[in-house]
Amino acid sequence: MSTRFEAPLVEWYAASARDLPWRAPGVAAWSVLVSEFMLQQTPVARVLPAYEAWLDRWPTADALAAATPADAVRQWGRLGYPRRALRLHACAQVIASGHGGEVPASISELLALPGVGAYTAAAVASFAFGQRHPVLDTNVRRVLARLVTGTEPAGRSSASVAEIALAESLLPPAGERRAATWSVAVMELGALVCTAAKPACDLCPVATACAWQGSGRPAAAAPRRAKRYEGSDRQCRGALLAVLRSAPGPVPAATLDHCWPEPGQRQRVLAGLLADGLAETYGDSLIGLPGENPADLS
């Protein structure tokens, strides 16, 4: 089924795609894996400087595996969802100890890595190794739903069986990275043209074949209102982590009292950080990032 969409979409991608470092020819699989961890729920503009700084410091899985979890969380900075830093560090350790420092190519081995789910495994196998797998992020799900079914995708956090089957049916045959190129082209179309809020259908290379466009672009169900950030546990969590990241090592627990005014919320959020492994207690009264270097504790 993909043949009627493939040629115009791939041609558009070749002319219009953003020049992103993790898409460069011959880029290492480790670099692709780092980009996929960072791009989860995070815009490309925020990821780019963090990605480049991360790979400058840890260009291989072996290099990151030799660092501490605290190093990883500090380097992650304010990129958001810092548990990704811990999972990427744990992933590097498994790659270093179990795969000779090289990111594995098979889906089963990728799925066995810490923090790697179905989407990330398919993305790395496709984009790093040129394999034929459906790669379904939010943009791809939206493009394929509009293009083929004429509807907006359901508001699910993960792809349904039907969405996976549709994506699989549209994949070009294996060989010459055709499937990988198709997948990244669909992803780019969703990011730049077939956007959620303001699709630019006049710029779309497959608009004439689009079922959604042909049916008058029916509206999706109203989105759920975003949770308020100001004063939220998420904001408090960020404030506590900012103190821990900026310190050279563990700090007295009382130091955290000054970064958030509401003591009950502060203690609840700190307990969550400890439970998530993003903070640790040291001795009787110190709190720091996980796995602080023993030299920092003297």
# chains A, B, ... in the order shown; residues from 1 in each chain; ligands from 1
call {"tool": "residues_around", "arguments": {"residues": "A:Pro8", "least_positions_apart": "3", "cutoff": "8 Å", "atoms": "only C-alpha atoms", "output": "PyMOL selection string"}}
result
chain A and resi 5+11-12+205-206
call {"tool": "residues_around", "arguments": {"residues": "A:Ala128", "least_positions_apart": "3", "cutoff": "9 Å", "atoms": "only C-alpha atoms", "output": "list in words"}}
result
Arg23, Gly26, Val27, Ala28, Ala29, Trp30, Ser31, Val32, Leu33, Ala105, Ala123, Val124, Ala125, Gln131 and Ala180 of chain A
call {"tool": "write_last_selection", "arguments": {"atoms": "N, CA and C atoms", "output": "tab-separated table (two decimals), in the first residue's frame"}}
result
chain	number	residue	atom	x	y	z
A	23	ARG	N	20.71	12.01	12.43
A	23	ARG	CA	20.33	11.48	11.12
A	23	ARG	C	21.49	11.47	10.13
A	26	GLY	N	25.95	7.28	8.56
A	26	GLY	CA	26.98	6.59	9.31
A	26	GLY	C	27.04	6.93	10.79
A	27	VAL	N	26.06	7.64	11.31
A	27	VAL	CA	26.08	7.99	12.73
A	27	VAL	C	26.05	6.71	13.57
A	28	ALA	N	26.76	6.72	14.68
A	28	ALA	CA	26.86	5.53	15.52
A	28	ALA	C	25.52	5.18	16.16
A	29	ALA	N	25.31	3.90	16.38
A	29	ALA	CA	24.07	3.46	17.01
A	29	ALA	C	23.92	4.04	18.41
A	30	TRP	N	25.03	4.22	19.12
A	30	TRP	CA	24.97	4.84	20.45
A	30	TRP	C	24.39	6.24	20.37
A	31	SER	N	24.79	7.01	19.36
A	31	SER	CA	24.28	8.36	19.20
A	31	SER	C	22.78	8.35	18.91
A	32	VAL	N	22.33	7.39	18.11
A	32	VAL	CA	20.90	7.27	17.83
A	32	VAL	C	20.15	6.92	19.11
A	33	LEU	N	20.70	6.01	19.90
A	33	LEU	CA	20.04	5.62	21.15
A	33	LEU	C	19.94	6.81	22.10
A	105	ALA	N	21.78	-4.93	17.87
A	105	ALA	CA	20.95	-4.61	16.71
A	105	ALA	C	19.59	-5.28	16.74
A	123	ALA	N	12.85	2.17	16.80
A	123	ALA	CA	13.53	3.34	16.24
A	123	ALA	C	15.02	3.08	16.07
A	124	VAL	N	15.65	2.51	17.08
A	124	VAL	CA	17.09	2.25	16.99
A	124	VAL	C	17.38	1.18	15.93
A	125	ALA	N	16.59	0.11	15.93
A	125	ALA	CA	16.79	-0.95	14.93
A	125	ALA	C	16.62	-0.40	13.52
A	131	GLN	N	16.85	-1.60	9.63
A	131	GLN	CA	15.93	-2.72	9.62
A	131	GLN	C	14.50	-2.27	9.31
A	180	ALA	N	13.32	2.30	6.69
A	180	ALA	CA	13.81	3.30	7.65
A	180	ALA	C	13.61	4.71	7.11
call {"tool": "residues_around", "arguments": {"residues": "A:Gly150", "least_positions_apart": "6", "cutoff": "8 Å", "atoms": "only C-alpha atoms", "output": "PyMOL selection string"}}
result
chain A and resi 210-215+217-218
call {"tool": "residues_around", "arguments": {"residues": "A:Val143", "least_positions_apart": "5", "cutoff": "10 Å", "atoms": "only C-alpha atoms", "output": "ChimeraX atom specification"}}
result
/A:138,148-153,186-191,193-196,210,212
call {"tool": "residues_around", "arguments": {"residues": "A:Trp58", "least_positions_apart": "2", "cutoff": "12 Å", "atoms": "only C-alpha atoms", "output": "mmCIF file with C-alpha atoms, in the first residue's frame"}}
result
data_model
loop_
_atom_site.group_PDB
_atom_site.id
_atom_site.type_symbol
_atom_site.label_atom_id
_atom_site.label_comp_id
_atom_site.auth_asym_id
_atom_site.auth_seq_id
_atom_site.Cartn_x
_atom_site.Cartn_y
_atom_site.Cartn_z
ATOM 1 C CA TRP A 30 24.971 4.835 20.455
ATOM 2 C CA SER A 31 24.277 8.364 19.197
ATOM 3 C CA VAL A 34 20.973 8.772 23.102
ATOM 4 C CA ALA A 50 21.885 18.647 25.439
ATOM 5 C CA TYR A 51 22.560 15.886 22.904
ATOM 6 C CA GLU A 52 25.752 17.507 21.651
ATOM 7 C CA ALA A 53 27.050 18.182 25.171
ATOM 8 C CA TRP A 54 26.233 14.619 26.258
ATOM 9 C CA LEU A 55 28.098 13.012 23.371
ATOM 10 C CA ASP A 56 31.031 15.395 23.769
ATOM 11 C CA THR A 60 30.397 5.813 23.730
ATOM 12 C CA ALA A 61 28.390 3.589 26.021
ATOM 13 C CA ASP A 62 31.622 2.524 27.734
ATOM 14 C CA ALA A 63 32.395 6.147 28.590
ATOM 15 C CA LEU A 64 29.000 6.726 30.215
ATOM 16 C CA ALA A 65 29.114 3.378 32.014
ATOM 17 C CA ALA A 66 32.321 4.484 33.748
ATOM 18 C CA ALA A 67 30.604 7.598 35.121
ATOM 19 C CA THR A 68 28.330 7.704 38.168
ATOM 20 C CA ASP A 71 27.157 12.520 36.785
ATOM 21 C CA ALA A 72 24.375 11.497 34.406
ATOM 22 C CA GLN A 75 24.614 16.426 32.843
ATOM 23 C CA LEU A 88 20.316 5.769 29.938
ATOM 24 C CA HIS A 89 23.168 5.310 32.424
ATOM 25 C CA ALA A 92 25.132 2.058 29.035
#
call {"tool": "select_by_dssp", "arguments": {"residues": "stretch 145-231 of chain A", "states": "helix (DSSP H, G or I)", "output": "number ranges by chain"}}
result
A: 145-149, 161-170, 178-192, 201-203, 207-209, 211-214
call {"tool": "atom_distance", "arguments": {"atom1": "atom CA of A:Ile95", "atom2": "atom CA of A:Phe129"}}
result
16.2 Å
call {"tool": "select_by_dssp", "arguments": {"residues": "stretch 141-282 of chain A", "states": "strand (DSSP E)", "output": "number ranges by chain"}}
result
A: 251-252, 280-282
call {"tool": "closest_residue", "arguments": {"among": "A:Leu20, A:Leu171, A:Cys236, A:Leu274", "to": "A:Pro49", "atoms": "only C-alpha atoms"}}
result
A:Leu20
call {"tool": "closest_residue", "arguments": {"among": "A:Leu79, A:Asn139, A:Trp22, A:Arg228", "to": "A:Val47", "atoms": "only C-alpha atoms"}}
result
A:Leu79
